[in-house]
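Asks: The structure's right below; bear with me while I get my questions together.
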Amino acid sequence: MSFKVAFIGAGSIGFTRGLLRDLLSVPEFKDIQVAFTDINQHNLDMVTELCQRDITENGLNIQIQASTDRREALKDAKYVLCTIRVGGLEAFATDVDIPLKYGVDQCVGDTLCAGGIMYGQRGISEMLRICGDIRDVASPDVLLLNYANPMAMLTWACNTYGGVRTIGLCHGVQHGHRQIANVYGLKKEEVDIICAGINHQTWYIQARHEGKDLTQGLLEAFENHPEYARTEKVRIDMLRRFGYYSTESNGHLSEYVPWYRKRASEIQDWIDLGSWINGETGGYLRVCTEGRNWFETDFPNWMKEKATVYTAEKRSEEHGSYIIEGLETGRVYRGHFNVVNNGVISNLPNDAIIEAPGYVDANGISMPHVGNLPLGPAAVCNVSISVQRLAVEAAVHGDDKLLRQAFMMDPLVGAVCNPKEIWQMVDEMLVAQEKWLPQYGTAIEEAKARLAAGNLIPTRGGYEGAARLKVKTVEEMKLDREAANKNAGEADKGKDRAAVSS
């Protein structure tokens with residue numbers, strides 16, 4: 001069995017290496033073609049060298065085709081896995097630091113809120129160019145598996161405007177599934193779930209063990225858990241008030257809604273600094289920065305370690321390889337996928353990208369009808385969907401009026417800032433990210449003129465936020481190499497090494 005899989009943004013060490021391991025753990029896939037592409041030649045070379053070493057030591061006769069020429073990598077590809085971060089860490093820093101001047105304190109900033117909206121502006125512009133290349137040179141029946149954030153916005157744009165069949169993939173459902181099992185003292189495979197909503201705001205509307213409903217006792221179980229009661233305070237409070245547990249981590253969720261990060265004096269009440277993902281100000285930016293610095297410094301040692309083993313036992317829970325396996329071999333796979341709604345969830349808009357249970361086999365990807373979400377969770381999702389729709393249309397058409405409206409409608413931005421502050425913040429962000437926003441040429445020139453004219457609203461320049469930690473130096477990370485290696489994998493999430501393509 002031979003077909004071609006192309007990785008866009010392949011300079012992402014943790015995700016690229018892990019997804020390749022997952023694919024090559026499928027016995028029938030020992031003869032597939034693999035192509036890597038990234039705009040950063042140095043990162044591409046390092047990741048290719050490491051992954052080729054893994055392939056060779058697993059006894060496979062596959063030669064990675066690595067190129068900074070994206071169209072060459074995409075030529076004849078049947079599956080494309082996208083893990084880009086447009087603008088890299090340079091742009092990411094502005095997603096976090098500029099909103100902080102206006103009191104908008106984010107933990108991650110890659111899905112919603114000010115950072116997620118601007119990340120979407122950069123990403124959509126590039127994803128549409130990627131879709132153009134895919135249409136031109138990839139296989140006619142190509143499937144784009146998008147791992148890049150903001151997941152819903154990018155997947156929305158690709159399906160609506162890119163002309164490429166696109167499925168968005170995330171691992172949040174699996175992680176929360178494991179937590180639910182854990183609070184009941186069960187194994188993940190012993191608990192059956194149905195999870196539905198939108199990416200990063202998907203709700204466990206059903207959880208059962210041997211036919212018994214687990215949702216009714218879930219709040220008490222989480223409140224009494226020795227770890228989660230401390231690290232998942234926002235998620236537990238949302239469970240308390242909306243009746244259902246949400247997929248996304250404490251830090252992520254805290255910035256999607258208006259209640260937990262609106263007052264700097266209260267943020268510490270809702271977060272935990274034991275891990276960045278529990279709510280640290282700019283936590284993901286810090287971890288990405290440390291991970292990049294560590295990998296570039298420590299790469300020779302990675303090459304000295306044992307190769308990754310391609311076995312079923314080492315395969316991760318990431319959906320991508322299982323979807324490809326199901327389509328190619330006919331084995332049935334059940335997962336949770338991000339797709340255009342089209343009635344799957346009755347009380348969410350049909351044009352929205354929803355996350356819901358799906359099945360894959362040789363006949364394709366099937367999404368069963370979920371019906372209505374509970375009213376409270378549906379209301380939370382619908383607010384975010386309105387922001388996403390505005391942001392997608394703004395990015396596609398270069399319409400800064402829609403962009404500003406997306407900022408105004410965003411739950412946390414709207415809770416913290418007034419309209420004049422939002423207008424000025426958007427001006428600053430457009431100007432700071434000019435080189436990644438070709439669709440906003442006129443709007444950026446107008447924003448520059450307004451900022452240069454003076455008479456600006458005072459902001460908190462240099463404000464570090466309510467819970468920001470210092471970026472560790474490489475020397476500090478060397479004191480615990482195991483933790484640094486783990487951090488590099490977490491930081492990566494498949495997205496922190498790819499910037500905008502030429």
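Residue names in the structure tokens use chain letters A, B, ... in the order shown, residue numbers from 1 in each chain, and ligand numbers from 1 in the order shown.
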Select from segment 96-147 of chain A every residue with an atom at most 12 Å from any atom of segment 1-7 of chain A, then for each give the shortest pair of atoms and their distance in Å to one decimal, using only C-alpha atoms, rows by chain and rising number, as JSON lines.
Replies:
{"residue": "A:Ile130", "atom": "CA", "partner": "A:Phe7", "partner_atom": "CA", "distance": 11.8}
{"residue": "A:Ile134", "atom": "CA", "partner": "A:Ala6", "partner_atom": "CA", "distance": 10.4}
{"residue": "A:Val137", "atom": "CA", "partner": "A:Ala6", "partner_atom": "CA", "distance": 11.9}
{"residue": "A:Ala138", "atom": "CA", "partner": "A:Lys4", "partner_atom": "CA", "distance": 9.4}
{"residue": "A:Ser139", "atom": "CA", "partner": "A:Lys4", "partner_atom": "CA", "distance": 9.0}
{"residue": "A:Asp141", "atom": "CA", "partner": "A:Phe3", "partner_atom": "CA", "distance": 11.7}
{"residue": "A:Val142", "atom": "CA", "partner": "A:Val5", "partner_atom": "CA", "distance": 9.7}
{"residue": "A:Leu143", "atom": "CA", "partner": "A:Val5", "partner_atom": "CA", "distance": 9.9}
{"residue": "A:Leu144", "atom": "CA", "partner": "A:Ala6", "partner_atom": "CA", "distance": 9.6}
{"residue": "A:Leu145", "atom": "CA", "partner": "A:Phe7", "partner_atom": "CA", "distance": 9.7}
{"residue": "A:Asn146", "atom": "CA", "partner": "A:Phe7", "partner_atom": "CA", "distance": 10.2}
{"residue": "A:Tyr147", "atom": "CA", "partner": "A:Phe7", "partner_atom": "CA", "distance": 10.7}
Asks: Give me, as an MDAnalysis selection string, all polymer residues having an atom no more than 6 Å from segment 351-361 of chain A, counting only C-alpha atoms and skipping those fewer than 2 positions away in the same chain.
Replies: chainID A and resid 152 156 196:199 326:327 330:341 349 363:367
Asks: Name the residues of segment 200-379 of chain A that fall into strand (DSSP E or B) according to DSSP on the backbone, using the chain letters and numbers of this document, as a ChimeraX atom specification.
Replies: /A:201-209,212-213,246,281,333-340,345,353-361,364-366,371
Asks: Filtering to C-alpha atoms, could you give me those residues as a PDB file, in the first residue's frame?
Replies:
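Saved file selection.pdb follows:
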ATOM      1  CA  GLN A 201     -15.381  24.343  24.048  1.00  0.00           C
ATOM      2  CA  THR A 202     -16.668  20.832  23.570  1.00  0.00           C
ATOM      3  CA  TRP A 203     -18.896  19.399  26.294  1.00  0.00           C
ATOM      4  CA  TYR A 204     -19.103  15.872  27.700  1.00  0.00           C
ATOM      5  CA  ILE A 205     -22.850  15.577  27.352  1.00  0.00           C
ATOM      6  CA  GLN A 206     -22.754  11.869  28.100  1.00  0.00           C
ATOM      7  CA  ALA A 207     -20.412   9.716  30.183  1.00  0.00           C
ATOM      8  CA  ARG A 208     -21.266   6.131  31.067  1.00  0.00           C
ATOM      9  CA  HIS A 209     -19.668   3.170  32.798  1.00  0.00           C
ATOM     10  CA  LYS A 212     -24.541   3.812  34.354  1.00  0.00           C
ATOM     11  CA  ASP A 213     -24.664   7.576  33.881  1.00  0.00           C
ATOM     12  CA  SER A 246     -15.697  21.165  29.085  1.00  0.00           C
ATOM     13  CA  THR A 281      -0.097  34.686  32.038  1.00  0.00           C
ATOM     14  CA  TYR A 333     -12.249   4.251  13.924  1.00  0.00           C
ATOM     15  CA  ARG A 334     -14.355   6.392  16.239  1.00  0.00           C
ATOM     16  CA  GLY A 335     -13.052   9.797  17.223  1.00  0.00           C
ATOM     17  CA  HIS A 336     -14.077  13.435  17.623  1.00  0.00           C
ATOM     18  CA  PHE A 337     -13.536  15.615  14.564  1.00  0.00           C
ATOM     19  CA  ASN A 338     -13.910  19.275  13.616  1.00  0.00           C
ATOM     20  CA  VAL A 339     -16.167  19.604  10.581  1.00  0.00           C
ATOM     21  CA  VAL A 340     -18.710  21.960   9.041  1.00  0.00           C
ATOM     22  CA  ILE A 345     -25.604  19.749  16.263  1.00  0.00           C
ATOM     23  CA  ILE A 353     -17.110  24.317  12.557  1.00  0.00           C
ATOM     24  CA  ILE A 354     -18.273  21.958  15.276  1.00  0.00           C
ATOM     25  CA  GLU A 355     -16.474  19.182  17.132  1.00  0.00           C
ATOM     26  CA  ALA A 356     -18.469  15.985  17.498  1.00  0.00           C
ATOM     27  CA  PRO A 357     -18.202  12.174  17.370  1.00  0.00           C
ATOM     28  CA  GLY A 358     -17.408  10.688  13.988  1.00  0.00           C
ATOM     29  CA  TYR A 359     -16.673   7.314  12.424  1.00  0.00           C
ATOM     30  CA  VAL A 360     -14.128   6.470   9.742  1.00  0.00           C
ATOM     31  CA  ASP A 361     -13.889   3.437   7.477  1.00  0.00           C
ATOM     32  CA  GLY A 364     -15.297   7.803   4.338  1.00  0.00           C
ATOM     33  CA  ILE A 365     -15.863   9.970   7.401  1.00  0.00           C
ATOM     34  CA  SER A 366     -19.383   9.842   8.840  1.00  0.00           C
ATOM     35  CA  GLY A 371     -29.183  16.789  18.175  1.00  0.00           C
TER      36      GLY A 371
END
Asks: Which one is closest to Arg230 of chain A: A:Thr215, A:Thr16, A:Gln268, A:Thr155? Count only C-alpha atoms.
Replies: A:Gln268
Asks: Any chance you could list, as a VMD selection string, the residues in segment 324-448 of chain A that come up alpha helix (DSSP H) when DSSP is run on the backbone?
Replies: chain A and resid 324 to 329 375 to 397 400 to 409 411 to 416 419 to 432 441 to 448
Asks: Choose the residue, out of A:Asn149, A:Thr231, A:Gln106, A:Thr68, that has the smallest atom-to-atom separation from Gly282 of chain A; count only C-alpha atoms.
Replies: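 Of A:Asn149, A:Thr231, A:Gln106, A:Thr68, the one nearest Gly282 of chain A, counting only C-alpha atoms, is A:Gln106.
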Asks: What's the 12 Å shell around segment 387-389 of chain A, counting only C-alpha atoms, without same-chain residues fewer than 2 positions away, as number ranges by chain?
Replies: A: 111-114, 116-121, 124, 150-157, 160, 198-199, 256-257, 349-354, 380-385, 391-396, 402-414
Asks: Given the choices A:Arg481, A:Arg71, A:Arg468, A:Arg17, which gets closest to Tyr284 of chain A if the distance is worked out from only C-alpha atoms?
Replies: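 Among A:Arg481, A:Arg71, A:Arg468, A:Arg17, it is A:Arg468 that comes nearest to Tyr284 of chain A.
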Asks: Can you pull out the residues contacting Val26 of chain A? Cut-off 9 Å, using only C-alpha atoms, and skip same-chain residues under 4 positions away; I want them as number ranges by chain.
Replies: A: 22, 30, 310-312, 321-322, 325
Asks: Could you list, as a ChimeraX atom specification, every residue within 10 Å of segment 286-299 of chain A, counting only C-alpha atoms and ignoring same-chain residues fewer than 4 positions away?
Replies: /A:12-13,42-43,46-47,50,88-90,92-93,107-108,275-277,280-282,303-304,468-475,477-478,481,484-493,495-497
Asks: Can you measure atom CA of Asn372 of chain A to atom CA of Ser346 of chain A for me? One decimal in Å is fine.
Replies: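 That distance, rounded to one decimal, is 5.0 Å.
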Asks: Distance atom CA of Leu375 of chain A-atom CA of Cys158 of chain A, one decimal place?
Replies: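 Those two atoms sit 28.9 Å apart.
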Asks: Select, from A:Leu219, A:Ala181, A:Glu476, A:Asn40, the residue with the minimum atom-to-atom distance to Phe242 of chain A, counting only C-alpha atoms.
Replies: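 Nearest candidate to Phe242 of chain A out of A:Leu219, A:Ala181, A:Glu476, A:Asn40: A:Leu219.
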Asks: Which of these residues is nearest to Ser67 of chain A, using only C-alpha atoms: A:Ile167, A:Ala10, A:Ala449, A:Ala467?
Replies: A:Ala10
Asks: Could you give me, as a short mmCIF file (atom, residue, chain, number, x, y, z; two decimals) with N, CA and C atoms, in the first residue's frame, the residues within 12 Å of Val104 of chain A, counting only C-alpha atoms and dropping anything in the same chain fewer than 6 positions from it?
Replies:
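around-v5.cif was written with the following content:
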data_model
loop_
_atom_site.label_atom_id
_atom_site.label_comp_id
_atom_site.auth_asym_id
_atom_site.auth_seq_id
_atom_site.Cartn_x
_atom_site.Cartn_y
_atom_site.Cartn_z
N ASP A 95 0.73 38.91 20.11
CA ASP A 95 -0.60 38.43 20.47
C ASP A 95 -0.85 38.51 21.97
N VAL A 96 0.22 38.31 22.74
CA VAL A 96 0.11 38.31 24.19
C VAL A 96 0.41 39.67 24.79
N ASP A 97 1.48 40.32 24.33
CA ASP A 97 1.98 41.53 25.00
C ASP A 97 1.16 42.78 24.72
N ILE A 98 0.68 42.95 23.49
CA ILE A 98 -0.12 44.15 23.21
C ILE A 98 -1.45 44.13 23.96
N CYS A 113 -10.19 35.15 22.00
CA CYS A 113 -9.65 36.34 22.64
C CYS A 113 -8.79 37.12 21.62
N ALA A 114 -8.12 38.17 22.07
CA ALA A 114 -7.38 39.04 21.16
C ALA A 114 -6.31 38.27 20.40
N GLY A 115 -5.54 37.44 21.11
CA GLY A 115 -4.46 36.69 20.47
C GLY A 115 -4.97 35.70 19.45
N SER A 254 -10.20 29.64 30.58
CA SER A 254 -10.32 30.89 31.33
C SER A 254 -10.33 32.11 30.42
N GLU A 255 -9.76 32.01 29.22
CA GLU A 255 -9.69 33.18 28.34
C GLU A 255 -10.77 33.17 27.26
N TYR A 256 -11.63 32.14 27.24
CA TYR A 256 -12.71 32.07 26.25
C TYR A 256 -14.01 32.66 26.76
N PRO A 258 -16.03 35.43 29.81
CA PRO A 258 -15.75 36.76 30.36
C PRO A 258 -15.52 36.84 31.86
N TYR A 260 -13.41 34.97 34.35
CA TYR A 260 -12.33 34.50 35.22
C TYR A 260 -11.02 35.30 35.10
N ARG A 261 -10.89 36.10 34.06
CA ARG A 261 -9.66 36.87 33.88
C ARG A 261 -9.96 38.36 33.65
N LYS A 262 -11.14 38.81 34.00
CA LYS A 262 -11.52 40.20 33.73
C LYS A 262 -10.90 41.17 34.72
N ARG A 263 -10.61 40.72 35.94
CA ARG A 263 -10.01 41.57 36.97
C ARG A 263 -8.68 40.95 37.40
N ALA A 264 -7.62 41.72 37.25
CA ALA A 264 -6.29 41.21 37.58
C ALA A 264 -6.21 40.69 39.00
N ILE A 267 -7.53 36.93 39.14
CA ILE A 267 -7.03 35.86 38.27
C ILE A 267 -6.37 34.75 39.08
N THR A 281 -0.09 33.62 33.03
CA THR A 281 -0.10 34.69 32.04
C THR A 281 0.99 34.43 30.98
N GLY A 282 0.58 34.39 29.72
CA GLY A 282 1.53 34.14 28.64
C GLY A 282 2.25 32.81 28.78
N PHE A 407 -13.32 41.65 17.80
CA PHE A 407 -12.72 42.00 19.10
C PHE A 407 -13.80 42.45 20.08
N ASP A 410 -15.78 39.52 21.35
CA ASP A 410 -15.05 38.51 22.12
C ASP A 410 -15.38 38.64 23.60
N PRO A 411 -15.70 37.54 24.28
CA PRO A 411 -16.15 37.62 25.68
C PRO A 411 -15.17 38.31 26.61
N LEU A 412 -13.89 37.93 26.58
CA LEU A 412 -12.94 38.51 27.54
C LEU A 412 -12.54 39.93 27.15
N VAL A 413 -12.28 40.16 25.86
CA VAL A 413 -11.93 41.52 25.43
C VAL A 413 -13.06 42.47 25.78
N GLY A 414 -14.30 42.07 25.50
CA GLY A 414 -15.45 42.92 25.79
C GLY A 414 -15.67 43.15 27.27
N ALA A 415 -15.26 42.18 28.10
CA ALA A 415 -15.40 42.33 29.55
C ALA A 415 -14.39 43.31 30.12
N VAL A 416 -13.24 43.45 29.44
CA VAL A 416 -12.14 44.26 29.98
C VAL A 416 -12.08 45.65 29.35
N CYS A 417 -12.36 45.75 28.05
CA CYS A 417 -12.09 46.99 27.31
C CYS A 417 -13.36 47.67 26.81
N ASN A 418 -13.28 49.00 26.68
CA ASN A 418 -14.37 49.73 26.05
C ASN A 418 -14.09 49.87 24.56
N GLU A 421 -10.85 51.71 23.43
CA GLU A 421 -9.65 50.92 23.73
C GLU A 421 -9.48 49.79 22.73
N ILE A 422 -10.59 49.15 22.37
CA ILE A 422 -10.52 48.04 21.40
C ILE A 422 -10.04 48.56 20.05
N MET A 425 -6.34 49.16 20.30
CA MET A 425 -5.62 47.89 20.41
C MET A 425 -5.50 47.22 19.04
N THR A 459 -2.11 53.49 28.11
CA THR A 459 -2.09 52.05 28.33
C THR A 459 -1.01 51.71 29.36
N ARG A 460 -0.97 50.44 29.73
CA ARG A 460 -0.02 49.99 30.76
C ARG A 460 1.19 49.35 30.08
N TYR A 463 3.45 46.18 31.35
CA TYR A 463 2.69 45.39 32.32
C TYR A 463 2.88 43.90 32.02
N GLU A 464 3.22 43.12 33.03
CA GLU A 464 3.53 41.70 32.85
C GLU A 464 2.34 40.78 33.13
N GLY A 465 1.24 41.34 33.58
CA GLY A 465 0.08 40.50 33.84
C GLY A 465 0.02 40.02 35.27
N ALA A 466 -1.05 39.30 35.59
CA ALA A 466 -1.30 38.89 36.97
C ALA A 466 -0.47 37.70 37.40
#
Asks: I want to know what sits within 9 Å of Gly163 of chain A, based on only C-alpha atoms, with residues of the same chain fewer than 4 positions away left out; could you give that as a PDB file with N, CA and C atoms, in the first residue's frame?
Replies:
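Listed below is the output, result34.pdb:
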ATOM      1  N   LEU A 128      -5.215  29.864   2.975  1.00  0.00           N
ATOM      2  CA  LEU A 128      -5.843  29.960   1.659  1.00  0.00           C
ATOM      3  C   LEU A 128      -4.809  29.820   0.545  1.00  0.00           C
ATOM      4  N   CYS A 131      -4.125  26.144   0.433  1.00  0.00           N
ATOM      5  CA  CYS A 131      -5.212  25.465  -0.281  1.00  0.00           C
ATOM      6  C   CYS A 131      -5.056  25.620  -1.792  1.00  0.00           C
ATOM      7  N   GLY A 132      -4.613  26.799  -2.218  1.00  0.00           N
ATOM      8  CA  GLY A 132      -4.377  26.992  -3.648  1.00  0.00           C
ATOM      9  C   GLY A 132      -3.317  26.044  -4.177  1.00  0.00           C
ATOM     10  N   ARG A 135      -4.802  22.480  -4.310  1.00  0.00           N
ATOM     11  CA  ARG A 135      -5.679  22.304  -5.475  1.00  0.00           C
ATOM     12  C   ARG A 135      -4.871  22.128  -6.760  1.00  0.00           C
ATOM     13  N   CYS A 158     -10.801  27.125   5.241  1.00  0.00           N
ATOM     14  CA  CYS A 158     -10.385  26.150   4.219  1.00  0.00           C
ATOM     15  C   CYS A 158     -11.582  25.513   3.538  1.00  0.00           C
ATOM     16  N   ASN A 159     -12.605  25.168   4.319  1.00  0.00           N
ATOM     17  CA  ASN A 159     -13.782  24.526   3.741  1.00  0.00           C
ATOM     18  C   ASN A 159     -14.649  25.495   2.955  1.00  0.00           C
TER      19      ASN A 159
END
Asks: Which one is closest to Ala447 of chain A: A:Lys401, A:Lys188, A:Arg178, A:Arg53? Count only C-alpha atoms.
Replies: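 Of A:Lys401, A:Lys188, A:Arg178, A:Arg53, the one nearest Ala447 of chain A, counting only C-alpha atoms, is A:Lys401.
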Asks: Find the distance between atom CA of Ala35 of chain A and atom CA of Glu72 of chain A and write it in Å to one decimal.
Replies: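 Separating atom CA of Ala35 of chain A from atom CA of Glu72 of chain A is a distance of 8.8 Å.
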